[in-house]
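K.L.:
I have a structure here, written as structure tokens, and I will follow up with some questions on it.
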Amino acid sequence: MTSLWRICFSALLVSTLSAASIKGRVQLVNSRDSNVIKKGDFSGVVLWLEPAAPLNSSRTPKSATILQKDKAFTPHILAVELGTRVAFPNSDPIFHNAFSNYEGRVFDVGLYAPGTSRSVTFDRPGVVRVFCNIHSSMSAVIVVSPSPWFVTTLPGGQFELSDVPPGDYTLKVFHERATPEVLRQLERKITLTASLLDLGSIAVSEAGFLPLPHKNKYGSEYGPENENNHLYPAPRK
Ligand SMILES: [Cu+2]
């Protein structure tokens, strides 16, 4: 092989391997959720890559939004890269108070008025469960990925992580109705050497999941919601 051919071949190899993809399909099994049973809805599963070697930390900080509207956080599941600033705009005519106090990133943005917003920067990788201190039915989950390679499944369950450099990774999986033990067993080491790695079907079991009520930010039970108390704006006359 001449030097020119060797250079061309090396360049082709590098260009082929510099933008690898990992794809597959998630299925939720042992579920009692009606959307899973009736519609085959496999949405809301987050998959992300933890690189074996630390990443360059000089990445541009990103931003994301979880809207508070109709007494719900939207989206309910949000995956972000480490260092992302998440805004919690309040689009309801009532006050809200987003907080997290028992795992992941502890924060409390306090009570804030309709039409205003608060933000939190997520600077620790992990899973953060978010609640509202006024409305016990409101919840969200933020998965903070240490890398830019993360994806949240849509109802079909298919996923693809693209533009992943060749190397060694741990694939991690989260679903809010899977137990920590199930999620630990789903972790797998991946060595990416080809331009496409098809992981096939990944079954995420909901066996053993028990929906437990959460406490408010003071660690107490939620009181009854009172639409006329001081937390709400005065009714229009
Ligand atoms: Cu609320």
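Ligands are numbered from 1 in the order shown, chains are lettered A, B, ... in the order of the structure tokens, and residues start at 1 in each chain.
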Using only C-alpha atoms and all ligand atoms, determine which residues fall within 7 Å of ligand 1, then list them as a PyMOL selection string.
P.N.:
chain A and resi 71+95-97+132-135+138
K.L.:
Considering only C-alpha atoms, give me a table of residues in range 136-183 of chain A that are at most 8 Å from range 72-82 of chain A, with the closest atom pair and distance in Å for each, as JSON lines.
P.N.:
{"residue": "A:Ser137", "atom": "CA", "partner": "A:Ala72", "partner_atom": "CA", "distance": 7.9}
{"residue": "A:Met138", "atom": "CA", "partner": "A:Ala72", "partner_atom": "CA", "distance": 5.3}
{"residue": "A:Ser139", "atom": "CA", "partner": "A:Phe73", "partner_atom": "CA", "distance": 6.4}
{"residue": "A:Ala140", "atom": "CA", "partner": "A:His76", "partner_atom": "CA", "distance": 4.5}
{"residue": "A:Val141", "atom": "CA", "partner": "A:Ile77", "partner_atom": "CA", "distance": 4.9}
{"residue": "A:Ile142", "atom": "CA", "partner": "A:Leu78", "partner_atom": "CA", "distance": 4.8}
{"residue": "A:Val143", "atom": "CA", "partner": "A:Ala79", "partner_atom": "CA", "distance": 4.6}
{"residue": "A:Val144", "atom": "CA", "partner": "A:Val80", "partner_atom": "CA", "distance": 5.2}
{"residue": "A:Ser145", "atom": "CA", "partner": "A:Glu81", "partner_atom": "CA", "distance": 4.8}
{"residue": "A:Pro146", "atom": "CA", "partner": "A:Leu82", "partner_atom": "CA", "distance": 5.2}
{"residue": "A:Ser147", "atom": "CA", "partner": "A:Glu81", "partner_atom": "CA", "distance": 6.0}
{"residue": "A:Pro148", "atom": "CA", "partner": "A:Glu81", "partner_atom": "CA", "distance": 5.5}
{"residue": "A:Phe150", "atom": "CA", "partner": "A:Ala79", "partner_atom": "CA", "distance": 7.0}
{"residue": "A:Val151", "atom": "CA", "partner": "A:Ala79", "partner_atom": "CA", "distance": 7.1}
{"residue": "A:Thr152", "atom": "CA", "partner": "A:Ala79", "partner_atom": "CA", "distance": 6.9}
K.L.:
Near range 30-32 of chain A, counting only C-alpha atoms, which residues have an atom at most 12 Å away, once you skip same-chain residues fewer than 3 positions from it, shown as a list in words?
P.N.:
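That gives Gln27, Asn35, Val36, Ile37, Lys38, Gly40, Asp41, Phe42, His175, Glu176, Arg177, Ala178, Val182, Ala203, Val204, Ser205, Glu206, Ala207, Gly208, Phe209, Leu210 and Pro211 of chain A.
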K.L.:
Residues as selected, C-alpha atoms, written as a tab-separated table (two decimals), in the first residue's frame, can you do that?
P.N.:
chain	number	residue	atom	x	y	z
A	27	GLN	CA	-40.35	-2.98	25.98
A	35	ASN	CA	-51.38	2.68	28.67
A	36	VAL	CA	-48.81	-0.12	28.51
A	37	ILE	CA	-51.41	-2.90	28.55
A	38	LYS	CA	-53.96	-1.39	26.15
A	40	GLY	CA	-48.34	-0.83	24.10
A	41	ASP	CA	-47.02	2.55	25.24
A	42	PHE	CA	-43.31	2.13	26.01
A	175	HIS	CA	-37.93	4.09	34.15
A	176	GLU	CA	-40.05	5.47	36.96
A	177	ARG	CA	-41.97	2.21	37.44
A	178	ALA	CA	-38.86	-0.02	37.54
A	182	VAL	CA	-34.17	-3.98	37.96
A	203	ALA	CA	-37.11	-5.64	28.41
A	204	VAL	CA	-37.66	-3.31	31.36
A	205	SER	CA	-39.68	-5.10	34.04
A	206	GLU	CA	-42.11	-3.25	36.25
A	207	ALA	CA	-42.33	-6.25	38.62
A	208	GLY	CA	-42.11	-5.23	42.25
A	209	PHE	CA	-43.03	-1.61	41.63
A	210	LEU	CA	-45.17	-0.03	44.34
A	211	PRO	CA	-46.46	3.52	43.84
K.L.:
As a VMD selection string, list the residues of range 145-187 of chain A assigned to alpha helix (DSSP H) by DSSP on the backbone atoms of this structure.
P.N.:
chain A and resid 180 to 186
K.L.:
So, counting only C-alpha atoms, which residue among A:Thr65, A:Ser136, A:Thr170, A:Thr153 is closest to Leu212 in chain A?
P.N.:
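Checking each candidate against Leu212 in chain A, we get A:Ser136 as the closest.
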K.L.:
Restricting the calculation to only C-alpha atoms: of A:Pro166, A:Phe174, A:Leu161, A:Gly115, which residue gets closest to Thr193 in chain A?
P.N.:
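Smallest distance to Thr193 in chain A is found for A:Pro166.
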K.L.:
Going by DSSP on the backbone, which bits of range 8-230 of chain A are strand (DSSP E or B)? Write them as a PyMOL selection string, please.
P.N.:
chain A and resi 20-29+46-51+63-65+67-69+72-74+77-81+84-87+90+96+98-100+107-108+112+119-122+126-132+139-145+150-152+158-164+167-174+188-192+196-205
K.L.:
Residues as selected, C-alpha atoms, written as a CSV table (one decimal), in the first residue's frame, can you do that?
P.N.:
chain,number,residue,atom,x,y,z
A,20,ALA,CA,-21.2,5.8,15.7
A,21,SER,CA,-24.8,5.1,16.6
A,22,ILE,CA,-26.4,2.8,19.2
A,23,LYS,CA,-29.9,1.7,18.6
A,24,GLY,CA,-32.5,-0.7,20.0
A,25,ARG,CA,-36.0,-1.0,21.3
A,26,VAL,CA,-37.4,-1.0,24.8
A,27,GLN,CA,-40.4,-3.0,26.0
A,28,LEU,CA,-42.1,-2.6,29.3
A,29,VAL,CA,-43.0,-6.0,30.8
A,46,VAL,CA,-34.4,7.1,29.6
A,47,LEU,CA,-31.1,5.5,28.3
A,48,TRP,CA,-27.8,7.3,28.6
A,49,LEU,CA,-24.1,6.6,28.3
A,50,GLU,CA,-21.6,7.0,31.1
A,51,PRO,CA,-18.1,7.2,29.4
A,63,SER,CA,-30.9,24.9,29.0
A,64,ALA,CA,-34.3,23.1,29.2
A,65,THR,CA,-37.8,23.8,30.4
A,67,LEU,CA,-43.7,23.9,32.2
A,68,GLN,CA,-46.1,24.0,35.1
A,69,LYS,CA,-49.6,24.2,33.6
A,72,ALA,CA,-48.9,19.3,35.9
A,73,PHE,CA,-45.2,19.3,35.1
A,74,THR,CA,-44.6,19.0,31.3
A,77,ILE,CA,-39.8,12.9,32.2
A,78,LEU,CA,-36.9,15.1,31.2
A,79,ALA,CA,-33.3,14.0,30.3
A,80,VAL,CA,-30.6,16.6,30.3
A,81,GLU,CA,-26.8,16.8,30.2
A,84,THR,CA,-28.0,22.0,32.2
A,85,ARG,CA,-30.1,24.9,33.6
A,86,VAL,CA,-33.8,23.9,33.8
A,87,ALA,CA,-36.5,26.6,34.0
A,90,ASN,CA,-45.6,28.8,36.0
A,96,HIS,CA,-46.6,26.6,42.5
A,98,ALA,CA,-41.1,23.0,42.7
A,99,PHE,CA,-38.7,21.1,44.9
A,100,SER,CA,-36.8,17.9,45.4
A,107,PHE,CA,-33.5,22.1,45.7
A,108,ASP,CA,-36.4,24.3,46.6
A,112,TYR,CA,-43.8,31.6,43.1
A,119,SER,CA,-34.5,28.0,37.4
A,120,VAL,CA,-32.2,25.3,38.8
A,121,THR,CA,-28.8,24.1,37.4
A,122,PHE,CA,-28.3,20.3,37.6
A,126,GLY,CA,-28.3,11.1,38.6
A,127,VAL,CA,-32.0,10.9,38.9
A,128,VAL,CA,-33.9,13.8,40.4
A,129,ARG,CA,-37.6,13.5,41.4
A,130,VAL,CA,-39.4,16.8,41.4
A,131,PHE,CA,-42.6,17.6,43.2
A,132,CYS,CA,-44.8,20.7,44.0
A,139,SER,CA,-44.5,15.1,39.9
A,140,ALA,CA,-41.6,15.0,37.3
A,141,VAL,CA,-38.3,13.2,36.9
A,142,ILE,CA,-35.1,14.8,35.6
A,143,VAL,CA,-32.4,12.3,34.6
A,144,VAL,CA,-29.0,14.1,34.6
A,145,SER,CA,-26.7,12.4,32.2
A,150,PHE,CA,-29.0,10.3,26.2
A,151,VAL,CA,-32.5,9.6,24.8
A,152,THR,CA,-36.0,9.2,26.1
A,158,GLN,CA,-37.3,2.6,19.7
A,159,PHE,CA,-34.2,4.6,20.7
A,160,GLU,CA,-31.1,5.8,19.0
A,161,LEU,CA,-28.0,7.4,20.5
A,162,SER,CA,-26.1,9.1,17.7
A,163,ASP,CA,-22.7,10.8,17.1
A,164,VAL,CA,-21.1,8.7,19.8
A,167,GLY,CA,-14.8,3.9,23.2
A,168,ASP,CA,-15.9,2.2,26.4
A,169,TYR,CA,-19.2,3.1,28.1
A,170,THR,CA,-21.7,2.0,30.6
A,171,LEU,CA,-25.3,2.1,29.3
A,172,LYS,CA,-27.7,3.1,32.0
A,173,VAL,CA,-31.5,2.8,32.0
A,174,PHE,CA,-34.2,4.6,34.0
A,188,ARG,CA,-24.3,-3.0,30.6
A,189,LYS,CA,-20.8,-2.3,29.5
A,190,ILE,CA,-20.5,-1.3,25.9
A,191,THR,CA,-17.3,-1.1,23.7
A,192,LEU,CA,-18.2,0.9,20.6
A,196,LEU,CA,-23.7,1.0,14.3
A,197,LEU,CA,-24.4,-1.1,17.3
A,198,ASP,CA,-27.9,-2.7,17.5
A,199,LEU,CA,-28.7,-3.7,21.0
A,200,GLY,CA,-32.0,-5.3,19.9
A,201,SER,CA,-34.8,-5.6,22.4
A,202,ILE,CA,-34.4,-4.5,26.0
A,203,ALA,CA,-37.1,-5.6,28.4
A,204,VAL,CA,-37.7,-3.3,31.4
A,205,SER,CA,-39.7,-5.1,34.0
K.L.:
Hey, can you check how far CA of Phe88 in chain A sits from CA of Ser58 in chain A?
P.N.:
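Separation between CA of Phe88 in chain A and CA of Ser58 in chain A: 25.5 Å.
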K.L.:
One number please: CA of Pro61 in chain A to CA of Gly110 in chain A, in Å, one decimal.
P.N.:
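CA of Pro61 in chain A sits 24.0 Å away from CA of Gly110 in chain A.
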K.L.:
Choose the residue, out of A:Ser34, A:Ser195, A:Asn216, A:Asn101, that has the smallest atom-to-atom separation from Ser18 in chain A; count only C-alpha atoms.
P.N.:
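With only C-alpha atoms as the atom set, the closest residue is A:Ser195.
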K.L.:
Calculate how many Å separate CA of Ala19 in chain A from CA of Gln185 in chain A, rounding to one decimal.
P.N.:
27.9 Å
K.L.:
For Glu225 in chain A, which of A:Thr60, A:Ile94, A:Gly156, A:Ala113 is the closest residue, counting only C-alpha atoms?
P.N.:
A:Ile94
